[in-house]
Amino acid sequence: MQLALCTWSEVEDYLKSSTGIIVPIGSTEQHGPNGLIGTDAICAEVVGRGLGERVNALVTPTIAAGMAQHHMAFTGTMTLRPTTLIAVIRDCVVSLAAHGFRRFYFVNGHGGNIAIVQSAFAEIYSERSMALDGREPGDNWRGGIACTLRNWWLRPPVLALAKELYGDMEGLHATPSEVSLTQHVYPDHIKHVAMDPAPPATLDFADAFDFRRRFPDGRMGSHPALSRPEHGKRFLDAVVGDLVDDYRKFVAA
Ligand code: NI
């Protein structure tokens, strides 16, 4: 169920049975020679919505701009500063918490978001912790909020399938697994680009200019020419299946 497609009274009814909500978060950034700029947001969105269907949970609109400063030397990339993204996440969570939501299950599509999302959670928790002043917490929006982050491409069944399909050609960015998933979702937007496998990559880059110097076509150690829409369907089924119990446990805790 998409939050954006509900009425306010439907959301009010939903809150009588659950205070959990799924928040897809991605990025809008270059994804190499054949990857879509929206890859990370598309992947987070389809995984989040697929999970929402399976567990009957509300899914927020996707936070489609992430922390992608290192991709800014490639045309079309949009980024938020780390502090801006922290503020966006904080305000989205607090808005929903004011209405009664308490369990925020973030489905992430972008590695550059991980540290920032975790920092945003700490920022949200700090508001409650630092307001305590030796007293028990009152029953306001600060009470009992829990947030968690799941990175879809790092789930064990996804890693296993990527290893099976691509071996060492999966790489670190503009990977065949994420490109396959977008090809499954948007088959009319598959790009056929001739390329060789990219050389192995490490994550020790700095700013956008350093990133482009190290990774001239935007890939990090990957070979996304191996991407196939039918692979994308397998990744989607694998990750949604993996997250179902995990979501239920998180919301019940
Ligand atoms: Ni990506």
# chains A, B, ... in the order shown; residues from 1 in each chain; ligands from 1

call {"tool": "residues_around", "arguments": {"residues": "Thr148 (chain A)", "least_positions_apart": "5", "cutoff": "9 Å", "atoms": "only C-alpha atoms", "output": "list in words"}}
result
Arg103, Phe104, Tyr105, Phe106, Val107, Gln118, Phe121 and Phe250 of chain A

call {"tool": "write_last_selection", "arguments": {"atoms": "N, CA and C atoms", "output": "CSV table (one decimal), in the first residue's frame"}}
result
chain,number,residue,atom,x,y,z
A,103,ARG,N,7.5,2.6,14.0
A,103,ARG,CA,8.6,1.7,13.4
A,103,ARG,C,8.9,2.1,12.0
A,104,PHE,N,10.1,2.6,11.7
A,104,PHE,CA,10.5,3.1,10.4
A,104,PHE,C,11.5,2.2,9.8
A,105,TYR,N,11.1,1.5,8.8
A,105,TYR,CA,11.9,0.5,8.1
A,105,TYR,C,12.4,1.0,6.8
A,106,PHE,N,13.6,1.5,6.8
A,106,PHE,CA,14.2,2.1,5.6
A,106,PHE,C,14.8,1.0,4.7
A,107,VAL,N,14.4,1.1,3.4
A,107,VAL,CA,15.0,0.2,2.4
A,107,VAL,C,15.9,1.0,1.5
A,118,GLN,N,22.2,6.4,9.1
A,118,GLN,CA,22.5,6.0,10.5
A,118,GLN,C,22.7,7.3,11.4
A,121,PHE,N,19.3,8.7,12.1
A,121,PHE,CA,18.6,7.9,13.2
A,121,PHE,C,19.2,8.4,14.6
A,250,PHE,N,10.8,-6.7,13.3
A,250,PHE,CA,11.1,-5.3,13.6
A,250,PHE,C,9.9,-4.6,14.1

call {"tool": "residues_near_ligand", "arguments": {"ligand": "ligand 1", "cutoff": "12 Å", "atoms": "only C-alpha atoms and all ligand atoms", "output": "PyMOL selection string"}}
result
chain A and resi 25-32+35-44+64+66-68+71+77+108-113+151-154+170-182+218-220+222+224

call {"tool": "write_last_selection", "arguments": {"atoms": "N, CA and C atoms", "output": "compact mmCIF listing (two decimals), in the first residue's frame"}}
result
# COMPACT_ATOMS: atom_id res chain seq x y z
N ILE A 25 14.64 4.62 0.20
CA ILE A 25 15.55 5.74 0.01
C ILE A 25 16.61 5.34 -1.00
N GLY A 26 16.84 6.23 -1.99
CA GLY A 26 17.78 5.90 -3.05
C GLY A 26 18.72 7.04 -3.33
N SER A 27 19.01 7.23 -4.60
CA SER A 27 19.88 8.30 -5.03
C SER A 27 19.60 8.56 -6.49
N THR A 28 19.97 9.75 -6.95
CA THR A 28 19.83 10.11 -8.36
C THR A 28 21.22 10.45 -8.86
N GLU A 29 21.88 9.46 -9.47
CA GLU A 29 23.31 9.61 -9.77
C GLU A 29 23.70 8.71 -10.94
N GLN A 30 24.79 9.05 -11.56
CA GLN A 30 25.29 8.25 -12.70
C GLN A 30 25.50 6.80 -12.30
N HIS A 31 25.20 5.91 -13.24
CA HIS A 31 25.41 4.48 -13.02
C HIS A 31 26.11 3.83 -14.19
N GLY A 32 27.20 4.49 -14.64
CA GLY A 32 28.03 3.88 -15.67
C GLY A 32 27.40 3.95 -17.06
N GLY A 35 23.72 2.09 -17.11
CA GLY A 35 22.84 2.17 -15.95
C GLY A 35 22.07 3.48 -15.92
N LEU A 36 20.82 3.41 -15.48
CA LEU A 36 19.97 4.59 -15.42
C LEU A 36 20.37 5.50 -14.26
N ILE A 37 20.21 6.79 -14.44
CA ILE A 37 20.52 7.76 -13.38
C ILE A 37 19.69 7.45 -12.12
N GLY A 38 18.49 6.95 -12.34
CA GLY A 38 17.60 6.67 -11.20
C GLY A 38 17.76 5.30 -10.58
N THR A 39 18.81 4.57 -10.97
CA THR A 39 18.94 3.17 -10.54
C THR A 39 18.69 2.95 -9.05
N ASP A 40 19.37 3.70 -8.20
CA ASP A 40 19.28 3.41 -6.76
C ASP A 40 17.90 3.71 -6.19
N ALA A 41 17.25 4.74 -6.72
CA ALA A 41 15.89 5.07 -6.25
C ALA A 41 14.89 4.05 -6.80
N ILE A 42 15.07 3.64 -8.06
CA ILE A 42 14.17 2.64 -8.66
C ILE A 42 14.26 1.33 -7.88
N CYS A 43 15.48 0.91 -7.56
CA CYS A 43 15.66 -0.37 -6.87
C CYS A 43 15.06 -0.31 -5.46
N ALA A 44 15.35 0.75 -4.72
CA ALA A 44 14.80 0.86 -3.36
C ALA A 44 13.27 0.88 -3.41
N ALA A 64 14.27 10.16 -3.17
CA ALA A 64 15.03 9.81 -4.39
C ALA A 64 16.35 10.57 -4.53
N GLY A 66 19.82 11.34 -2.71
CA GLY A 66 20.63 10.86 -1.59
C GLY A 66 21.94 11.63 -1.49
N MET A 67 22.89 11.02 -0.80
CA MET A 67 24.21 11.65 -0.64
C MET A 67 25.14 11.06 -1.70
N ALA A 68 25.31 11.83 -2.79
CA ALA A 68 26.05 11.32 -3.95
C ALA A 68 27.09 12.33 -4.41
N HIS A 71 29.65 11.47 -7.09
CA HIS A 71 29.25 11.24 -8.49
C HIS A 71 29.01 12.55 -9.24
N THR A 77 23.72 13.88 -12.26
CA THR A 77 23.69 13.52 -10.84
C THR A 77 23.11 14.65 -10.01
N ASN A 108 17.15 0.79 1.58
CA ASN A 108 18.12 1.67 0.93
C ASN A 108 18.67 1.06 -0.35
N GLY A 109 18.93 1.95 -1.34
CA GLY A 109 19.49 1.50 -2.61
C GLY A 109 20.86 2.05 -2.92
N HIS A 110 21.49 2.76 -1.96
CA HIS A 110 22.74 3.47 -2.28
C HIS A 110 23.73 3.43 -1.12
N GLY A 111 24.92 2.92 -1.41
CA GLY A 111 25.95 2.80 -0.38
C GLY A 111 26.31 4.12 0.27
N GLY A 112 26.32 5.20 -0.51
CA GLY A 112 26.68 6.51 0.02
C GLY A 112 25.70 7.04 1.05
N ASN A 113 24.52 6.43 1.11
CA ASN A 113 23.53 6.86 2.10
C ASN A 113 23.73 6.24 3.48
N ASN A 151 19.93 -2.55 3.51
CA ASN A 151 20.54 -2.27 2.22
C ASN A 151 20.28 -3.47 1.31
N TRP A 152 19.43 -3.29 0.32
CA TRP A 152 18.90 -4.47 -0.39
C TRP A 152 19.99 -5.31 -1.03
N TRP A 153 21.03 -4.65 -1.57
CA TRP A 153 22.05 -5.40 -2.32
C TRP A 153 23.03 -6.14 -1.41
N LEU A 154 22.95 -5.89 -0.10
CA LEU A 154 23.84 -6.58 0.83
C LEU A 154 23.16 -7.74 1.56
N GLU A 170 30.65 -8.51 -10.46
CA GLU A 170 29.60 -7.73 -9.79
C GLU A 170 30.12 -6.32 -9.45
N GLY A 171 31.33 -6.23 -8.91
CA GLY A 171 31.92 -4.92 -8.62
C GLY A 171 31.21 -4.19 -7.50
N LEU A 172 31.47 -2.86 -7.42
CA LEU A 172 31.01 -2.06 -6.28
C LEU A 172 30.00 -0.98 -6.67
N HIS A 173 29.99 -0.57 -7.92
CA HIS A 173 29.03 0.47 -8.33
C HIS A 173 28.68 0.27 -9.80
N ALA A 174 27.41 0.62 -10.13
CA ALA A 174 26.89 0.31 -11.46
C ALA A 174 27.03 -1.20 -11.69
N THR A 175 26.54 -1.93 -10.71
CA THR A 175 26.70 -3.39 -10.71
C THR A 175 25.66 -4.05 -11.63
N PRO A 176 25.98 -5.21 -12.17
CA PRO A 176 24.98 -5.90 -13.00
C PRO A 176 23.72 -6.27 -12.22
N SER A 177 23.83 -6.48 -10.91
CA SER A 177 22.62 -6.82 -10.15
C SER A 177 21.64 -5.65 -10.10
N GLU A 178 22.13 -4.46 -9.80
CA GLU A 178 21.20 -3.32 -9.73
C GLU A 178 20.70 -2.91 -11.11
N VAL A 179 21.58 -3.00 -12.12
CA VAL A 179 21.14 -2.68 -13.48
C VAL A 179 20.10 -3.69 -13.95
N SER A 180 20.30 -4.97 -13.61
CA SER A 180 19.30 -5.99 -13.96
C SER A 180 17.94 -5.68 -13.33
N LEU A 181 17.97 -5.25 -12.08
CA LEU A 181 16.71 -4.96 -11.39
C LEU A 181 15.97 -3.82 -12.09
N THR A 182 16.69 -2.78 -12.50
CA THR A 182 16.02 -1.68 -13.23
C THR A 182 15.52 -2.15 -14.59
N GLY A 218 32.46 5.71 -14.84
CA GLY A 218 31.47 5.69 -13.76
C GLY A 218 31.32 4.35 -13.08
N ARG A 219 31.87 3.29 -13.66
CA ARG A 219 31.75 1.97 -13.03
C ARG A 219 32.86 1.77 -12.01
N MET A 220 32.58 0.98 -10.98
CA MET A 220 33.61 0.59 -10.01
C MET A 220 33.72 -0.94 -10.04
N SER A 222 32.89 -3.20 -12.06
CA SER A 222 31.73 -4.01 -12.43
C SER A 222 31.68 -4.26 -13.94
N PRO A 224 28.45 -4.36 -16.06
CA PRO A 224 26.98 -4.34 -16.16
C PRO A 224 26.45 -4.74 -17.54

call {"tool": "select_by_dssp", "arguments": {"residues": "region 93-156 of chain A", "states": "alpha helix (DSSP H)", "output": "VMD selection string"}}
result
chain A and resid 93 to 99 114 to 129 156

call {"tool": "write_last_selection", "arguments": {"atoms": "N, CA and C atoms", "output": "compact mmCIF listing (two decimals), in the first residue's frame"}}
result
# COMPACT_ATOMS: atom_id res chain seq x y z
N VAL A 93 10.62 11.49 9.25
CA VAL A 93 10.31 10.57 10.35
C VAL A 93 9.47 11.27 11.41
N VAL A 94 9.87 12.47 11.77
CA VAL A 94 9.15 13.19 12.84
C VAL A 94 7.73 13.53 12.39
N SER A 95 7.55 13.87 11.11
CA SER A 95 6.20 14.14 10.60
C SER A 95 5.30 12.93 10.80
N LEU A 96 5.80 11.77 10.40
CA LEU A 96 4.99 10.55 10.51
C LEU A 96 4.82 10.14 11.97
N ALA A 97 5.85 10.37 12.77
CA ALA A 97 5.76 10.03 14.19
C ALA A 97 4.69 10.88 14.88
N ALA A 98 4.53 12.10 14.43
CA ALA A 98 3.52 12.97 15.02
C ALA A 98 2.11 12.40 14.83
N HIS A 99 1.94 11.58 13.79
CA HIS A 99 0.63 10.97 13.53
C HIS A 99 0.48 9.61 14.20
N ILE A 114 24.47 5.14 3.55
CA ILE A 114 24.43 4.32 4.77
C ILE A 114 24.84 5.13 6.01
N ALA A 115 26.01 5.74 5.96
CA ALA A 115 26.48 6.48 7.13
C ALA A 115 25.56 7.65 7.46
N ILE A 116 25.00 8.26 6.44
CA ILE A 116 24.15 9.44 6.65
C ILE A 116 22.82 9.03 7.28
N VAL A 117 22.24 7.94 6.78
CA VAL A 117 20.96 7.48 7.34
C VAL A 117 21.16 7.09 8.81
N GLN A 118 22.25 6.39 9.09
CA GLN A 118 22.51 6.01 10.49
C GLN A 118 22.69 7.26 11.36
N SER A 119 23.34 8.27 10.81
CA SER A 119 23.51 9.53 11.56
C SER A 119 22.16 10.20 11.80
N ALA A 120 21.28 10.13 10.79
CA ALA A 120 19.94 10.72 10.96
C ALA A 120 19.18 10.00 12.07
N PHE A 121 19.30 8.67 12.12
CA PHE A 121 18.64 7.93 13.20
C PHE A 121 19.17 8.40 14.55
N ALA A 122 20.49 8.56 14.66
CA ALA A 122 21.08 9.03 15.92
C ALA A 122 20.59 10.42 16.28
N GLU A 123 20.41 11.25 15.26
CA GLU A 123 19.89 12.61 15.48
C GLU A 123 18.47 12.54 16.06
N ILE A 124 17.66 11.67 15.48
CA ILE A 124 16.27 11.51 15.95
C ILE A 124 16.24 10.98 17.39
N TYR A 125 17.04 9.97 17.65
CA TYR A 125 17.07 9.40 19.00
C TYR A 125 17.59 10.43 20.01
N SER A 126 18.54 11.26 19.58
CA SER A 126 19.11 12.25 20.49
C SER A 126 18.06 13.23 21.00
N GLU A 127 17.08 13.52 20.13
CA GLU A 127 16.06 14.49 20.54
C GLU A 127 15.30 13.99 21.75
N ARG A 128 15.05 12.68 21.78
CA ARG A 128 14.36 12.10 22.93
C ARG A 128 15.31 11.96 24.12
N SER A 129 16.48 11.40 23.83
CA SER A 129 17.43 11.13 24.92
C SER A 129 17.82 12.41 25.65
N PRO A 156 21.95 -11.43 2.28
CA PRO A 156 22.64 -12.67 1.90
C PRO A 156 22.13 -13.34 0.62

call {"tool": "residues_around", "arguments": {"residues": "Val193 (chain A)", "least_positions_apart": "5", "cutoff": "12 Å", "atoms": "only C-alpha atoms", "output": "list of chain:residue names"}}
result
A:Gly32, A:Pro33, A:Asn34, A:Gly35, A:Asp217, A:His223, A:Pro224, A:Ala225, A:Leu226, A:Ser227

call {"tool": "closest_residue", "arguments": {"among": "A:Phe74, A:Trp8, A:Phe235, A:Tyr14", "to": "Val185 (chain A)", "atoms": "only C-alpha atoms"}}
result
A:Phe235

call {"tool": "residues_around", "arguments": {"residues": "Asp207 (chain A)", "least_positions_apart": "3", "cutoff": "10 Å", "atoms": "only C-alpha atoms", "output": "list in words"}}
result
Ala68, Gln69, His70, His71, Met72, Ala73, Asp210, Phe211 and Arg212 of chain A

call {"tool": "write_last_selection", "arguments": {"atoms": "C-alpha atoms", "output": "mmCIF file, in the first residue's frame"}}
result
data_model
loop_
_atom_site.group_PDB
_atom_site.id
_atom_site.type_symbol
_atom_site.label_atom_id
_atom_site.label_comp_id
_atom_site.auth_asym_id
_atom_site.auth_seq_id
_atom_site.Cartn_x
_atom_site.Cartn_y
_atom_site.Cartn_z
ATOM 1 C CA ALA A 68 26.048 11.324 -3.950
ATOM 2 C CA GLN A 69 28.683 14.073 -3.864
ATOM 3 C CA HIS A 70 31.294 11.699 -5.280
ATOM 4 C CA HIS A 71 29.252 11.243 -8.487
ATOM 5 C CA MET A 72 28.865 14.973 -9.187
ATOM 6 C CA ALA A 73 31.513 14.990 -11.951
ATOM 7 C CA ASP A 210 38.990 12.123 -7.610
ATOM 8 C CA PHE A 211 36.163 9.656 -8.262
ATOM 9 C CA ARG A 212 36.013 10.479 -11.984
#

call {"tool": "residues_around", "arguments": {"residues": "Val251 (chain A)", "least_positions_apart": "6", "cutoff": "12 Å", "atoms": "only C-alpha atoms", "output": "VMD selection string"}}
result
chain A and resid 17 to 22 55 57 101 to 105 144 to 148 244 to 245

call {"tool": "write_last_selection", "arguments": {"atoms": "N, CA, C and O atoms", "output": "mmCIF file, in the first residue's frame"}}
result
data_model
loop_
_atom_site.group_PDB
_atom_site.id
_atom_site.type_symbol
_atom_site.label_atom_id
_atom_site.label_comp_id
_atom_site.auth_asym_id
_atom_site.auth_seq_id
_atom_site.Cartn_x
_atom_site.Cartn_y
_atom_site.Cartn_z
ATOM 1 N N SER A 17 -4.055 -0.686 13.407
ATOM 2 C CA SER A 17 -3.537 -2.056 13.397
ATOM 3 C C SER A 17 -2.017 -2.128 13.305
ATOM 4 O O SER A 17 -1.423 -3.160 13.618
ATOM 5 N N SER A 18 -1.353 -1.067 12.875
ATOM 6 C CA SER A 18 0.112 -1.102 12.774
ATOM 7 C C SER A 18 0.682 0.306 12.874
ATOM 8 O O SER A 18 0.088 1.264 12.368
ATOM 9 N N THR A 19 1.850 0.412 13.524
ATOM 10 C CA THR A 19 2.562 1.698 13.537
ATOM 11 C C THR A 19 3.833 1.612 12.700
ATOM 12 O O THR A 19 4.710 2.456 12.797
ATOM 13 N N GLY A 20 3.923 0.573 11.869
ATOM 14 C CA GLY A 20 5.113 0.384 11.032
ATOM 15 C C GLY A 20 4.932 0.996 9.659
ATOM 16 O O GLY A 20 3.822 1.049 9.120
ATOM 17 N N ILE A 21 6.024 1.461 9.080
ATOM 18 C CA ILE A 21 5.978 2.013 7.724
ATOM 19 C C ILE A 21 7.331 1.783 7.056
ATOM 20 O O ILE A 21 8.379 1.813 7.721
ATOM 21 N N ILE A 22 7.270 1.533 5.757
ATOM 22 C CA ILE A 22 8.475 1.282 4.954
ATOM 23 C C ILE A 22 8.850 2.571 4.225
ATOM 24 O O ILE A 22 7.981 3.217 3.629
ATOM 25 N N VAL A 55 3.681 -7.774 3.256
ATOM 26 C CA VAL A 55 3.421 -7.681 4.692
ATOM 27 C C VAL A 55 2.277 -6.713 5.005
ATOM 28 O O VAL A 55 2.034 -6.403 6.169
ATOM 29 N N ALA A 57 1.985 -3.513 4.523
ATOM 30 C CA ALA A 57 2.474 -2.308 5.202
ATOM 31 C C ALA A 57 2.396 -1.106 4.268
ATOM 32 O O ALA A 57 2.501 -1.244 3.042
ATOM 33 N N PHE A 101 3.037 6.914 13.847
ATOM 34 C CA PHE A 101 3.959 5.870 13.373
ATOM 35 C C PHE A 101 5.141 5.765 14.342
ATOM 36 O O PHE A 101 5.615 6.770 14.869
ATOM 37 N N ARG A 102 5.594 4.514 14.578
ATOM 38 C CA ARG A 102 6.681 4.300 15.533
ATOM 39 C C ARG A 102 7.811 3.429 14.987
ATOM 40 O O ARG A 102 8.894 3.402 15.522
ATOM 41 N N ARG A 103 7.546 2.636 13.958
ATOM 42 C CA ARG A 103 8.567 1.727 13.423
ATOM 43 C C ARG A 103 8.866 2.110 11.976
ATOM 44 O O ARG A 103 8.002 1.973 11.108
ATOM 45 N N PHE A 104 10.076 2.583 11.746
ATOM 46 C CA PHE A 104 10.461 3.106 10.440
ATOM 47 C C PHE A 104 11.501 2.182 9.816
ATOM 48 O O PHE A 104 12.627 2.077 10.310
ATOM 49 N N TYR A 105 11.082 1.510 8.753
ATOM 50 C CA TYR A 105 11.902 0.469 8.131
ATOM 51 C C TYR A 105 12.411 1.016 6.792
ATOM 52 O O TYR A 105 11.687 1.038 5.795
ATOM 53 N N GLY A 144 9.274 6.088 21.951
ATOM 54 C CA GLY A 144 9.256 4.753 21.376
ATOM 55 C C GLY A 144 9.529 4.646 19.890
ATOM 56 O O GLY A 144 9.203 3.637 19.275
ATOM 57 N N ILE A 145 10.139 5.653 19.293
ATOM 58 C CA ILE A 145 10.475 5.557 17.875
ATOM 59 C C ILE A 145 11.651 4.608 17.691
ATOM 60 O O ILE A 145 12.637 4.687 18.417
ATOM 61 N N ALA A 146 11.521 3.708 16.709
ATOM 62 C CA ALA A 146 12.669 2.888 16.310
ATOM 63 C C ALA A 146 12.791 2.942 14.790
ATOM 64 O O ALA A 146 11.797 2.836 14.071
ATOM 65 N N CYS A 147 14.018 3.138 14.341
ATOM 66 C CA CYS A 147 14.296 3.196 12.909
ATOM 67 C C CYS A 147 15.328 2.115 12.586
ATOM 68 O O CYS A 147 16.207 1.829 13.396
ATOM 69 N N THR A 148 15.199 1.534 11.412
ATOM 70 C CA THR A 148 16.219 0.574 11.002
ATOM 71 C C THR A 148 16.474 0.699 9.512
ATOM 72 O O THR A 148 15.631 1.206 8.764
ATOM 73 N N VAL A 244 10.692 -10.260 4.452
ATOM 74 C CA VAL A 244 9.338 -10.380 5.009
ATOM 75 C C VAL A 244 9.368 -10.625 6.525
ATOM 76 O O VAL A 244 8.795 -9.857 7.306
ATOM 77 N N ASP A 245 10.046 -11.681 6.942
ATOM 78 C CA ASP A 245 10.105 -11.990 8.379
ATOM 79 C C ASP A 245 10.847 -10.903 9.145
ATOM 80 O O ASP A 245 10.492 -10.577 10.284
#

call {"tool": "select_by_dssp", "arguments": {"residues": "region 54-207 of chain A", "states": "strand (DSSP E)", "output": "ChimeraX atom specification"}}
result
/A:58-59,103-108,146-151

call {"tool": "closest_residue", "arguments": {"among": "A:Cys92, A:Asp196, A:Asp246, A:Ile63", "to": "Arg150 (chain A)", "atoms": "only C-alpha atoms"}}
result
A:Asp246

call {"tool": "closest_residue", "arguments": {"among": "A:Gln183, A:Thr79, A:Thr84, A:Ser9", "to": "His231 (chain A)", "atoms": "only C-alpha atoms"}}
result
A:Gln183

call {"tool": "atom_distance", "arguments": {"atom1": "CA of Asp168 (chain A)", "atom2": "CA of Ala238 (chain A)"}}
result
19.9 Å

call {"tool": "decode", "arguments": {"residues": "region 219-234 of chain A", "atoms": "N, CA, C and O atoms", "output": "compact mmCIF listing (two decimals), in the first residue's frame"}}
result
# COMPACT_ATOMS: atom_id res chain seq x y z
N ARG A 219 31.87 3.29 -13.66
CA ARG A 219 31.75 1.97 -13.03
C ARG A 219 32.86 1.77 -12.01
O ARG A 219 33.95 2.31 -12.15
N MET A 220 32.58 0.98 -10.98
CA MET A 220 33.61 0.59 -10.01
C MET A 220 33.72 -0.94 -10.04
O MET A 220 32.96 -1.65 -9.38
N GLY A 221 34.66 -1.42 -10.84
CA GLY A 221 34.97 -2.85 -10.84
C GLY A 221 33.85 -3.75 -11.33
O GLY A 221 33.88 -4.96 -11.07
N SER A 222 32.89 -3.20 -12.06
CA SER A 222 31.73 -4.01 -12.43
C SER A 222 31.68 -4.26 -13.94
O SER A 222 32.40 -3.62 -14.71
N HIS A 223 30.80 -5.16 -14.34
CA HIS A 223 30.60 -5.45 -15.76
C HIS A 223 29.10 -5.53 -16.05
O HIS A 223 28.53 -6.61 -16.24
N PRO A 224 28.45 -4.36 -16.06
CA PRO A 224 26.98 -4.34 -16.16
C PRO A 224 26.45 -4.74 -17.54
O PRO A 224 25.23 -4.83 -17.70
N ALA A 225 27.35 -5.03 -18.51
CA ALA A 225 26.86 -5.60 -19.77
C ALA A 225 26.26 -6.99 -19.54
O ALA A 225 25.53 -7.51 -20.39
N LEU A 226 26.57 -7.59 -18.38
CA LEU A 226 26.00 -8.90 -18.04
C LEU A 226 24.55 -8.82 -17.55
O LEU A 226 23.91 -9.85 -17.32
N SER A 227 24.04 -7.60 -17.37
CA SER A 227 22.69 -7.41 -16.80
C SER A 227 21.62 -7.99 -17.72
O SER A 227 21.72 -7.88 -18.95
N ARG A 228 20.60 -8.57 -17.09
CA ARG A 228 19.46 -9.12 -17.84
C ARG A 228 18.19 -8.86 -17.03
O ARG A 228 18.20 -9.04 -15.81
N PRO A 229 17.10 -8.49 -17.71
CA PRO A 229 15.86 -8.24 -16.95
C PRO A 229 15.40 -9.47 -16.17
O PRO A 229 14.87 -9.32 -15.06
N GLU A 230 15.62 -10.67 -16.72
CA GLU A 230 15.17 -11.87 -15.99
C GLU A 230 16.00 -12.07 -14.72
O GLU A 230 15.51 -12.63 -13.73
N HIS A 231 17.25 -11.62 -14.72
CA HIS A 231 18.03 -11.63 -13.47
C HIS A 231 17.38 -10.70 -12.45
O HIS A 231 17.32 -10.99 -11.26
N GLY A 232 16.94 -9.55 -12.94
CA GLY A 232 16.34 -8.57 -12.05
C GLY A 232 15.13 -9.12 -11.31
O GLY A 232 14.95 -8.87 -10.11
N LYS A 233 14.33 -9.90 -12.01
CA LYS A 233 13.17 -10.53 -11.36
C LYS A 233 13.64 -11.48 -10.25
O LYS A 233 13.04 -11.52 -9.17
N ARG A 234 14.71 -12.21 -10.50
CA ARG A 234 15.21 -13.14 -9.48
C ARG A 234 15.75 -12.37 -8.26
O ARG A 234 15.55 -12.78 -7.12
